[in-house]
Amino acid sequence: MAINTLEYAKLFQTELDKQVTQQATSGWMEANAGQVKYSGGDEIKIPDLVVQGLGDYDRDNGFVQGSVTFKYQTHKMTQDRGRTFQLDAMDVDETNFGASAANVMSEFQRLQVIPEIDAYRYSFLAAKAVAKGNSESYAVSPDTILAKLYEHIFEVADKGVDLEQLVISIAYPAYGALTGNSVLQKRIDVGDFAQGGINLRIKMLDGIPLIPVTSNRMKSAILLNDGSTAGQEVGGFKPDALAKDVHWIITPRTTPIGISKTDKVRIFDPNTNQKADAWKLDYRKYHDIIIPDNKVDSIRVAVNG
Amino acid sequence: MAEIKLKRLNVVKVVDSEDKAEALKSKGFEVVKDAEEKTEKPLSKMTEAELDAYAAEKGIDLTDLKNKTEKLKKIKEVEGGE
């Protein structure tokens with residue numbers, strides 16, 4: 001029994017990471033983490049390739065020697081979150097395995113972990129853009145939203161970003177104003193968007209993907225509950241009282257590097273659990289988002305006034 | 001122990017002890033002085049230091065007042081009772 005439980009935990013770990021990549025609205029940011037090295041714990045290594053520019057070709061001496069520097073930058077993931085659950089052995093039987101370890105973990109991720117990862121990433125992007133002066137206060141209106149979006153899109157494009165590389169993460173109220181207007185609908189079509197190994201059919205504005213996100217995940221700051229202090233037992237996150245609503249975030253697909261690693265999933269069956277005749281499920285997640293300094297300028301954000 | 005609110009870029013944490021606050025500060029968090037939230041706390045539950053800060057913010061002179069009771073009384077007089 002114990003061996004099987006261990007094997008299940010390994011499978012869970014892989015499946016849980018996959019679930020985040022596929023179901024988080026910010027899952028596409030993890031595609032940029034392909035080159036990132038992770039070998040457990042809170043550290044990751046990000047490759048950094050620097051090459052020198054062109055020099056004059058000399059007809060006598062030929063080429064000017066250039067240098068290529070490839071190194072790994074170590075980054076500590078700042079979000080180290082976890083929770084433990086206990087399932088009474090009888091509960092598992094009596095609910096006809098409805099309250100099984102698989103169901104609990106999957107629902108925990110879907111309802112608690114994924115929204116928190118999304119909210120963390122979007123608030124990070126928004127806060128970075130605000131700090132850089134790349135945000136604008138805007139009151140959503142169906143009459144002006146298209147012009148404002150294009151204004152921001154072209155501001156990013158003017159910095160040398162290919163339009164085809166852009167992604168617009170947009171809060172539902174702004175998404176509704178944009179897609180619900182019959183005049184604007186003509187500018188919007190449906191296309192494929194690859195994320196986590198699956199193809200999503202989503203709306204696009206002149207070929208730029210529009211990723212709709214619930215408004216409580218689109219804030220400039222979030223309050224993370226520690227799960228133990230009085231008043232924070234519920235865990236998870238909530239928008240900070242002083243946070244601004246974020247209408248949209250325009251960013252090249254390659255700018256944010258989203259990382260989420262289920263560092264530990266431990267499942268103790270009732271025979272192993274020393275404390276109670278119950279299943280014990282431990283879950284620990286490291287996650288973070290990294291934006292290289294030279295790419296912060298490619299983010300454009302609209303917030304409420 | 002009063003709650004301490006700290007922030008690091010986009011993340012806000014609320015802790016209930018100085019030790020926890022110090023631990024977060026070592027990770028780059030900074031204490032948020034949220035005047036809006038401070039005024040939500042009833043005057044009668046404020047510490048003497050908080051009353052001093054509140055009075056300074058409101059421009060109420062507490063010179064020569066020696067204890068919390070006197071300071072609280074003065075603030076309430078100026079503001080017309082809580």
# chains A, B, ... in the order shown; residues from 1 in each chain; ligands from 1
>>> residues_around(residues="Lys13 in chain B", least_positions_apart="4", cutoff="9 Å", atoms="only C-alpha atoms", output="PyMOL selection string")
(chain A and resi 222-226) or (chain B and resi 4-8+24+29)
>>> residues_around(residues="range 19-32 of chain A", least_positions_apart="5", cutoff="9 Å", atoms="only C-alpha atoms", output="short mmCIF file (atom, residue, chain, number, x, y, z; two decimals) with N, CA, C and O atoms, in the first residue's frame")
data_model
loop_
_atom_site.label_atom_id
_atom_site.label_comp_id
_atom_site.auth_asym_id
_atom_site.auth_seq_id
_atom_site.Cartn_x
_atom_site.Cartn_y
_atom_site.Cartn_z
N THR A 14 3.31 15.37 -11.45
CA THR A 14 3.37 15.70 -12.88
C THR A 14 2.03 16.24 -13.37
O THR A 14 1.97 17.24 -14.07
N SER A 106 -6.99 17.94 -7.01
CA SER A 106 -7.35 18.57 -8.27
C SER A 106 -8.24 19.80 -8.02
O SER A 106 -8.03 20.86 -8.62
N GLN A 109 -6.30 22.66 -6.44
CA GLN A 109 -5.54 23.41 -7.43
C GLN A 109 -6.43 24.30 -8.28
O GLN A 109 -6.12 25.46 -8.53
N ARG A 110 -7.58 23.73 -8.70
CA ARG A 110 -8.46 24.47 -9.62
C ARG A 110 -9.07 25.70 -8.94
O ARG A 110 -9.15 26.77 -9.54
N VAL A 113 -5.31 27.23 -5.96
CA VAL A 113 -3.92 27.47 -6.38
C VAL A 113 -3.84 28.25 -7.69
O VAL A 113 -3.14 29.27 -7.79
N ILE A 114 -4.59 27.79 -8.70
CA ILE A 114 -4.51 28.43 -10.02
C ILE A 114 -4.94 29.90 -9.97
O ILE A 114 -4.23 30.76 -10.50
N PRO A 115 -6.07 30.23 -9.31
CA PRO A 115 -6.42 31.66 -9.23
C PRO A 115 -5.33 32.48 -8.54
O PRO A 115 -5.05 33.61 -8.95
N ILE A 117 -2.04 31.86 -8.44
CA ILE A 117 -0.88 32.00 -9.34
C ILE A 117 -1.19 33.06 -10.40
O ILE A 117 -0.37 33.93 -10.69
N ASP A 118 -2.40 32.98 -10.98
CA ASP A 118 -2.80 33.99 -11.97
C ASP A 118 -2.73 35.39 -11.36
O ASP A 118 -2.13 36.30 -11.94
N ARG A 121 0.78 36.65 -10.83
CA ARG A 121 1.49 37.01 -12.06
C ARG A 121 0.98 38.33 -12.64
O ARG A 121 1.76 39.20 -13.03
N TYR A 122 -0.35 38.47 -12.71
CA TYR A 122 -0.90 39.70 -13.30
C TYR A 122 -0.56 40.92 -12.44
O TYR A 122 -0.24 41.99 -12.97
N SER A 169 -3.96 40.24 -22.05
CA SER A 169 -4.72 39.67 -20.94
C SER A 169 -5.70 40.75 -20.51
O SER A 169 -5.28 41.85 -20.14
N PHE A 193 -4.86 29.27 -29.98
CA PHE A 193 -3.81 29.75 -29.07
C PHE A 193 -3.28 28.54 -28.31
O PHE A 193 -4.02 27.87 -27.59
N ALA A 194 -2.00 28.25 -28.51
CA ALA A 194 -1.40 27.06 -27.89
C ALA A 194 -0.98 27.36 -26.46
O ALA A 194 -0.33 28.37 -26.20
N GLN A 195 -1.38 26.50 -25.55
CA GLN A 195 -0.99 26.68 -24.15
C GLN A 195 -0.93 25.32 -23.47
O GLN A 195 -1.91 24.57 -23.46
N GLY A 196 0.22 25.00 -22.93
CA GLY A 196 0.37 23.77 -22.17
C GLY A 196 0.09 22.52 -22.99
O GLY A 196 -0.45 21.54 -22.47
N GLY A 197 0.42 22.55 -24.28
CA GLY A 197 0.26 21.38 -25.11
C GLY A 197 -1.15 21.20 -25.67
O GLY A 197 -1.44 20.21 -26.33
N ILE A 198 -2.03 22.14 -25.40
CA ILE A 198 -3.38 22.05 -25.98
C ILE A 198 -3.67 23.33 -26.76
O ILE A 198 -3.09 24.38 -26.47
N ILE A 211 -6.97 37.24 -24.00
CA ILE A 211 -7.17 36.23 -22.94
C ILE A 211 -8.05 36.85 -21.86
O ILE A 211 -7.58 37.71 -21.10
N PRO A 212 -9.32 36.44 -21.76
CA PRO A 212 -10.17 37.02 -20.73
C PRO A 212 -9.82 36.48 -19.35
O PRO A 212 -9.56 35.29 -19.19
N VAL A 213 -9.80 37.36 -18.37
CA VAL A 213 -9.42 36.98 -17.01
C VAL A 213 -10.45 37.58 -16.04
O VAL A 213 -10.89 38.72 -16.23
N ARG A 253 4.72 37.78 -25.98
CA ARG A 253 4.61 36.43 -25.42
C ARG A 253 5.89 35.98 -24.73
O ARG A 253 5.86 35.15 -23.83
N THR A 254 7.00 36.56 -25.15
CA THR A 254 8.29 36.09 -24.62
C THR A 254 8.76 36.87 -23.39
O THR A 254 9.80 36.55 -22.81
N THR A 255 8.02 37.89 -22.99
CA THR A 255 8.50 38.72 -21.87
C THR A 255 8.38 38.06 -20.50
O THR A 255 9.36 37.96 -19.77
N PRO A 256 7.19 37.59 -20.10
CA PRO A 256 7.10 37.00 -18.75
C PRO A 256 7.53 35.54 -18.73
O PRO A 256 7.13 34.76 -19.60
N ILE A 257 8.35 35.20 -17.78
CA ILE A 257 8.73 33.79 -17.60
C ILE A 257 7.98 33.30 -16.36
O ILE A 257 8.30 33.67 -15.23
N GLY A 258 6.96 32.52 -16.60
CA GLY A 258 6.14 31.99 -15.49
C GLY A 258 6.67 30.63 -15.07
O GLY A 258 6.93 29.76 -15.90
N ILE A 259 6.84 30.47 -13.79
CA ILE A 259 7.36 29.19 -13.28
C ILE A 259 6.46 28.71 -12.16
O ILE A 259 6.14 29.47 -11.24
N SER A 260 6.04 27.46 -12.24
CA SER A 260 5.31 26.88 -11.10
C SER A 260 5.75 25.43 -10.97
O SER A 260 5.72 24.67 -11.94
N ILE A 289 7.22 34.65 -11.13
CA ILE A 289 7.26 35.17 -12.49
C ILE A 289 8.50 36.05 -12.58
O ILE A 289 8.80 36.79 -11.64
#
>>> closest_residue(among="A:Glu151, A:Glu116, A:Glu15, A:Asp293", to="chain B", atoms="only C-alpha atoms")
A:Glu116
>>> interface_residues(of="chain A", to="chain B", cutoff="12 Å", atoms="only C-alpha atoms", output="compact mmCIF listing (two decimals) with all heavy atoms, in the first residue's frame")
# COMPACT_ATOMS: atom_id res chain seq x y z
N LYS A 76 15.92 33.02 -7.01
CA LYS A 76 15.17 32.36 -5.94
C LYS A 76 13.69 32.62 -6.13
O LYS A 76 13.27 33.77 -6.25
CB LYS A 76 15.60 32.95 -4.58
CG LYS A 76 16.55 32.06 -3.80
CD LYS A 76 16.68 32.58 -2.39
CE LYS A 76 17.60 31.80 -1.50
NZ LYS A 76 17.98 30.49 -1.79
N MET A 77 12.91 31.56 -6.17
CA MET A 77 11.46 31.75 -6.30
C MET A 77 10.91 32.30 -4.99
O MET A 77 11.21 31.79 -3.91
CB MET A 77 10.79 30.43 -6.68
CG MET A 77 11.03 30.06 -8.12
SD MET A 77 10.04 28.68 -8.67
CE MET A 77 11.06 27.32 -8.16
N THR A 78 10.13 33.36 -5.09
CA THR A 78 9.69 34.05 -3.88
C THR A 78 8.41 33.45 -3.28
O THR A 78 8.13 33.68 -2.12
CB THR A 78 9.44 35.54 -4.17
OG1 THR A 78 8.44 35.65 -5.19
CG2 THR A 78 10.71 36.24 -4.61
N GLN A 79 7.67 32.73 -4.09
CA GLN A 79 6.39 32.21 -3.59
C GLN A 79 6.53 30.74 -3.17
O GLN A 79 6.59 29.84 -4.01
CB GLN A 79 5.31 32.35 -4.67
CG GLN A 79 5.08 33.79 -5.10
CD GLN A 79 4.81 34.71 -3.93
OE1 GLN A 79 3.85 34.54 -3.18
NE2 GLN A 79 5.68 35.69 -3.75
N GLU A 116 -4.70 31.90 -7.52
CA GLU A 116 -3.65 32.66 -6.80
C GLU A 116 -2.43 32.88 -7.70
O GLU A 116 -1.85 33.98 -7.71
CB GLU A 116 -3.24 31.92 -5.52
CG GLU A 116 -2.19 32.70 -4.74
CD GLU A 116 -1.82 32.06 -3.41
OE1 GLU A 116 -2.73 31.64 -2.68
OE2 GLU A 116 -0.61 31.97 -3.11
N ILE A 117 -2.04 31.86 -8.44
CA ILE A 117 -0.88 32.00 -9.34
C ILE A 117 -1.19 33.06 -10.40
O ILE A 117 -0.37 33.93 -10.69
CB ILE A 117 -0.52 30.65 -9.99
CG1 ILE A 117 0.06 29.71 -8.93
CG2 ILE A 117 0.47 30.84 -11.13
CD1 ILE A 117 0.34 28.30 -9.43
N ALA A 119 -3.36 35.56 -10.20
CA ALA A 119 -3.44 36.88 -9.58
C ALA A 119 -2.04 37.40 -9.26
O ALA A 119 -1.75 38.59 -9.43
CB ALA A 119 -4.28 36.82 -8.31
N TYR A 120 -1.17 36.50 -8.81
CA TYR A 120 0.20 36.93 -8.49
C TYR A 120 0.91 37.42 -9.76
O TYR A 120 1.55 38.48 -9.77
CB TYR A 120 0.97 35.77 -7.85
CG TYR A 120 2.43 36.12 -7.63
CD1 TYR A 120 2.80 36.95 -6.58
CD2 TYR A 120 3.41 35.65 -8.48
CE1 TYR A 120 4.12 37.32 -6.39
CE2 TYR A 120 4.73 36.00 -8.30
CZ TYR A 120 5.09 36.83 -7.26
OH TYR A 120 6.40 37.19 -7.09
N ARG A 121 0.78 36.65 -10.83
CA ARG A 121 1.49 37.01 -12.06
C ARG A 121 0.98 38.33 -12.64
O ARG A 121 1.76 39.20 -13.03
CB ARG A 121 1.34 35.90 -13.10
CG ARG A 121 2.15 34.67 -12.74
CD ARG A 121 1.86 33.53 -13.70
NE ARG A 121 2.67 32.36 -13.39
CZ ARG A 121 2.48 31.17 -13.94
NH1 ARG A 121 1.50 30.99 -14.81
NH2 ARG A 121 3.26 30.17 -13.62
N TYR A 122 -0.35 38.47 -12.71
CA TYR A 122 -0.90 39.70 -13.30
C TYR A 122 -0.56 40.92 -12.44
O TYR A 122 -0.24 41.99 -12.97
CB TYR A 122 -2.42 39.58 -13.48
CG TYR A 122 -2.79 38.55 -14.53
CD1 TYR A 122 -3.68 37.52 -14.25
CD2 TYR A 122 -2.24 38.60 -15.82
CE1 TYR A 122 -4.02 36.58 -15.20
CE2 TYR A 122 -2.57 37.65 -16.77
CZ TYR A 122 -3.45 36.64 -16.46
OH TYR A 122 -3.77 35.71 -17.41
N SER A 123 -0.64 40.76 -11.12
CA SER A 123 -0.35 41.91 -10.26
C SER A 123 1.14 42.27 -10.36
O SER A 123 1.51 43.44 -10.30
CB SER A 123 -0.75 41.63 -8.80
OG SER A 123 -0.04 40.53 -8.29
N PHE A 124 1.97 41.27 -10.55
CA PHE A 124 3.41 41.52 -10.71
C PHE A 124 3.67 42.31 -11.99
O PHE A 124 4.40 43.31 -11.99
CB PHE A 124 4.17 40.19 -10.73
CG PHE A 124 5.67 40.33 -10.74
CD1 PHE A 124 6.37 40.43 -9.55
CD2 PHE A 124 6.38 40.36 -11.93
CE1 PHE A 124 7.75 40.57 -9.55
CE2 PHE A 124 7.75 40.49 -11.94
CZ PHE A 124 8.44 40.59 -10.74
N LEU A 125 3.06 41.85 -13.08
CA LEU A 125 3.23 42.54 -14.36
C LEU A 125 2.72 43.98 -14.26
O LEU A 125 3.38 44.92 -14.72
CB LEU A 125 2.45 41.81 -15.46
CG LEU A 125 3.09 40.54 -16.03
CD1 LEU A 125 2.08 39.74 -16.83
CD2 LEU A 125 4.27 40.90 -16.93
N ALA A 126 1.53 44.14 -13.63
CA ALA A 126 0.95 45.48 -13.52
C ALA A 126 1.82 46.38 -12.66
O ALA A 126 2.09 47.53 -13.03
CB ALA A 126 -0.46 45.38 -12.93
N ALA A 127 2.30 45.85 -11.53
CA ALA A 127 3.11 46.66 -10.62
C ALA A 127 4.42 47.07 -11.30
O ALA A 127 4.90 48.20 -11.13
CB ALA A 127 3.39 45.89 -9.33
N LYS A 128 5.01 46.15 -12.06
CA LYS A 128 6.25 46.46 -12.78
C LYS A 128 6.01 47.58 -13.80
O LYS A 128 6.83 48.49 -13.95
CB LYS A 128 6.77 45.22 -13.50
CG LYS A 128 7.54 44.27 -12.60
CD LYS A 128 8.97 44.74 -12.48
CE LYS A 128 9.83 43.73 -11.74
NZ LYS A 128 11.19 44.22 -11.53
N ALA A 129 4.88 47.46 -14.53
CA ALA A 129 4.56 48.46 -15.56
C ALA A 129 4.29 49.82 -14.92
O ALA A 129 4.74 50.85 -15.42
CB ALA A 129 3.36 48.01 -16.38
N VAL A 130 3.56 49.81 -13.80
CA VAL A 130 3.27 51.06 -13.10
C VAL A 130 4.57 51.71 -12.63
O VAL A 130 4.79 52.91 -12.81
CB VAL A 130 2.32 50.81 -11.90
CG1 VAL A 130 2.23 52.04 -11.01
CG2 VAL A 130 0.93 50.41 -12.40
N ALA A 131 5.45 50.90 -12.04
CA ALA A 131 6.72 51.43 -11.55
C ALA A 131 7.56 52.02 -12.68
O ALA A 131 8.31 52.97 -12.48
CB ALA A 131 7.50 50.33 -10.83
N MET A 218 -7.20 40.39 -11.69
CA MET A 218 -6.55 41.50 -12.41
C MET A 218 -6.49 42.73 -11.49
O MET A 218 -7.28 43.67 -11.62
CB MET A 218 -7.35 41.81 -13.69
CG MET A 218 -7.23 40.75 -14.75
SD MET A 218 -5.64 40.76 -15.62
CE MET A 218 -5.94 41.97 -16.90
N LYS A 219 -5.55 42.70 -10.58
CA LYS A 219 -5.36 43.79 -9.63
C LYS A 219 -3.89 44.19 -9.60
O LYS A 219 -3.02 43.37 -9.95
CB LYS A 219 -5.79 43.36 -8.21
CG LYS A 219 -7.22 42.88 -8.12
CD LYS A 219 -8.21 44.01 -8.23
CE LYS A 219 -9.64 43.49 -8.18
NZ LYS A 219 -10.63 44.55 -8.42
N SER A 220 -3.62 45.39 -9.12
CA SER A 220 -2.23 45.82 -9.08
C SER A 220 -1.50 45.31 -7.84
O SER A 220 -0.27 45.37 -7.76
CB SER A 220 -2.14 47.35 -9.13
OG SER A 220 -2.80 47.89 -8.01
N ALA A 221 -2.27 44.81 -6.84
CA ALA A 221 -1.63 44.24 -5.63
C ALA A 221 -2.58 43.23 -5.00
O ALA A 221 -3.80 43.40 -5.05
CB ALA A 221 -1.30 45.34 -4.63
N ILE A 222 -2.02 42.18 -4.43
CA ILE A 222 -2.85 41.17 -3.77
C ILE A 222 -2.34 40.93 -2.35
O ILE A 222 -1.15 41.07 -2.08
CB ILE A 222 -2.88 39.83 -4.55
CG1 ILE A 222 -1.45 39.30 -4.78
CG2 ILE A 222 -3.62 39.97 -5.85
CD1 ILE A 222 -1.40 37.88 -5.29
N LEU A 223 -3.27 40.58 -1.49
CA LEU A 223 -2.91 40.25 -0.11
C LEU A 223 -2.88 38.73 0.00
O LEU A 223 -3.88 38.06 -0.29
CB LEU A 223 -3.93 40.85 0.86
CG LEU A 223 -3.54 40.85 2.33
CD1 LEU A 223 -4.25 41.99 3.05
CD2 LEU A 223 -3.89 39.55 3.03
N LEU A 224 -1.73 38.20 0.39
CA LEU A 224 -1.60 36.76 0.53
C LEU A 224 -1.79 36.36 2.00
O LEU A 224 -1.04 36.80 2.87
CB LEU A 224 -0.22 36.30 0.05
CG LEU A 224 0.05 36.43 -1.45
CD1 LEU A 224 1.47 35.99 -1.77
CD2 LEU A 224 -0.93 35.58 -2.25
N ASN A 225 -2.81 35.54 2.26
CA ASN A 225 -3.04 35.07 3.62
C ASN A 225 -2.02 34.00 3.98
O ASN A 225 -1.68 33.15 3.14
CB ASN A 225 -4.45 34.47 3.74
CG ASN A 225 -5.52 35.55 3.67
OD1 ASN A 225 -5.34 36.64 4.19
ND2 ASN A 225 -6.63 35.24 3.03
N ASP A 226 -1.56 34.00 5.23
CA ASP A 226 -0.57 32.99 5.63
C ASP A 226 -1.23 31.69 6.10
O ASP A 226 -0.56 30.68 6.29
CB ASP A 226 0.39 33.54 6.68
CG ASP A 226 -0.29 33.93 7.99
OD1 ASP A 226 -1.45 33.53 8.20
OD2 ASP A 226 0.34 34.62 8.81
N GLY A 227 -2.54 31.71 6.29
CA GLY A 227 -3.25 30.48 6.64
C GLY A 227 -3.29 30.18 8.12
O GLY A 227 -4.01 29.27 8.56
N SER A 228 -2.51 30.92 8.93
CA SER A 228 -2.48 30.61 10.37
C SER A 228 -2.82 31.80 11.26
O SER A 228 -3.42 31.63 12.32
CB SER A 228 -1.10 30.06 10.74
OG SER A 228 -0.08 30.95 10.34
N THR A 229 -2.47 33.00 10.86
CA THR A 229 -2.77 34.19 11.68
C THR A 229 -4.28 34.37 11.77
O THR A 229 -5.00 34.06 10.82
CB THR A 229 -2.12 35.44 11.05
OG1 THR A 229 -0.72 35.22 10.96
CG2 THR A 229 -2.39 36.69 11.88
N ALA A 230 -4.74 34.88 12.93
CA ALA A 230 -6.17 35.10 13.11
C ALA A 230 -6.71 35.96 11.98
O ALA A 230 -6.15 37.01 11.67
CB ALA A 230 -6.40 35.79 14.45
N GLY A 231 -7.80 35.49 11.38
CA GLY A 231 -8.41 36.22 10.27
C GLY A 231 -7.89 35.80 8.91
O GLY A 231 -8.44 36.16 7.88
N GLN A 232 -6.78 35.00 8.93
CA GLN A 232 -6.21 34.58 7.64
C GLN A 232 -6.26 33.06 7.47
O GLN A 232 -5.62 32.50 6.58
CB GLN A 232 -4.75 35.04 7.53
CG GLN A 232 -4.57 36.54 7.58
CD GLN A 232 -3.12 36.95 7.36
OE1 GLN A 232 -2.43 36.44 6.48
NE2 GLN A 232 -2.63 37.86 8.16
N GLY A 235 -6.72 31.11 4.19
CA GLY A 235 -5.62 30.97 3.22
C GLY A 235 -5.93 31.67 1.91
O GLY A 235 -6.87 32.45 1.80
N GLY A 236 -5.12 31.38 0.91
CA GLY A 236 -5.34 31.96 -0.42
C GLY A 236 -5.00 33.43 -0.50
O GLY A 236 -4.15 33.92 0.23
N PHE A 237 -5.69 34.12 -1.38
CA PHE A 237 -5.39 35.53 -1.60
C PHE A 237 -6.67 36.32 -1.70
O PHE A 237 -7.75 35.77 -1.84
CB PHE A 237 -4.60 35.70 -2.91
CG PHE A 237 -5.49 35.70 -4.14
CD1 PHE A 237 -5.87 36.88 -4.76
CD2 PHE A 237 -5.99 34.51 -4.65
CE1 PHE A 237 -6.70 36.88 -5.88
CE2 PHE A 237 -6.82 34.50 -5.77
CZ PHE A 237 -7.17 35.68 -6.38
N LYS A 238 -6.52 37.63 -1.60
CA LYS A 238 -7.62 38.52 -1.95
C LYS A 238 -7.00 39.82 -2.47
O LYS A 238 -5.85 40.16 -2.11
CB LYS A 238 -8.53 38.78 -0.75
CG LYS A 238 -7.89 39.49 0.42
CD LYS A 238 -8.92 39.71 1.52
CE LYS A 238 -8.29 40.43 2.69
NZ LYS A 238 -9.21 40.65 3.81
N PRO A 239 -7.75 40.53 -3.31
CA PRO A 239 -7.19 41.79 -3.80
C PRO A 239 -6.92 42.73 -2.63
O PRO A 239 -7.72 42.79 -1.69
CB PRO A 239 -8.31 42.34 -4.70
CG PRO A 239 -9.12 41.16 -5.08
CD PRO A 239 -9.06 40.23 -3.90
N ASP A 240 -5.81 43.44 -2.66
CA ASP A 240 -5.51 44.40 -1.59
C ASP A 240 -6.52 45.54 -1.66
O ASP A 240 -6.95 45.94 -2.74
CB ASP A 240 -4.08 44.93 -1.77
CG ASP A 240 -3.72 45.91 -0.67
OD1 ASP A 240 -4.01 45.61 0.50
OD2 ASP A 240 -3.17 46.98 -0.97
N ALA A 241 -6.87 46.06 -0.47
CA ALA A 241 -7.89 47.11 -0.40
C ALA A 241 -7.50 48.35 -1.23
O ALA A 241 -8.37 49.04 -1.74
CB ALA A 241 -8.10 47.50 1.06
N LEU A 242 -6.21 48.60 -1.34
CA LEU A 242 -5.78 49.79 -2.07
C LEU A 242 -5.35 49.49 -3.51
O LEU A 242 -4.82 50.37 -4.20
CB LEU A 242 -4.62 50.47 -1.32
CG LEU A 242 -4.93 50.91 0.11
CD1 LEU A 242 -3.69 51.47 0.78
CD2 LEU A 242 -6.04 51.95 0.12
N ALA A 243 -5.58 48.25 -3.94
CA ALA A 243 -5.14 47.86 -5.29
C ALA A 243 -6.01 48.52 -6.35
O ALA A 243 -7.19 48.81 -6.12
CB ALA A 243 -5.21 46.35 -5.44
N LYS A 244 -5.41 48.75 -7.49
CA LYS A 244 -6.16 49.28 -8.63
C LYS A 244 -6.67 48.13 -9.49
O LYS A 244 -6.02 47.09 -9.58
CB LYS A 244 -5.26 50.19 -9.47
CG LYS A 244 -4.90 51.47 -8.77
CD LYS A 244 -4.14 52.40 -9.68
CE LYS A 244 -3.97 53.75 -9.00
NZ LYS A 244 -3.31 54.73 -9.81
N ASP A 288 6.67 31.59 -9.33
CA ASP A 288 7.13 32.97 -9.46
C ASP A 288 6.99 33.40 -10.91
O ASP A 288 6.67 32.59 -11.79
CB ASP A 288 8.61 33.09 -9.03
CG ASP A 288 8.90 34.46 -8.42
OD1 ASP A 288 8.12 35.40 -8.69
OD2 ASP A 288 9.88 34.60 -7.69
N ILE A 289 7.22 34.65 -11.13
CA ILE A 289 7.26 35.17 -12.49
C ILE A 289 8.50 36.05 -12.58
O ILE A 289 8.80 36.79 -11.64
CB ILE A 289 5.97 35.95 -12.85
CG1 ILE A 289 6.07 36.54 -14.26
CG2 ILE A 289 5.67 37.04 -11.84
CD1 ILE A 289 4.76 37.15 -14.73
>>> select_by_dssp(residues="chain B", states="strand (DSSP E or B)", output="PyMOL selection string")
chain B and resi 4-8+11-15+30-31
>>> atom_distance(atom1="CA of Ser100 in chain A", atom2="CA of Glu233 in chain A")
23.1 Å
>>> select_by_dssp(residues="chain B", states="helix (DSSP H, G or I)", output="PyMOL selection string")
chain B and resi 18-25+35-40+43-45+48-58+68-79
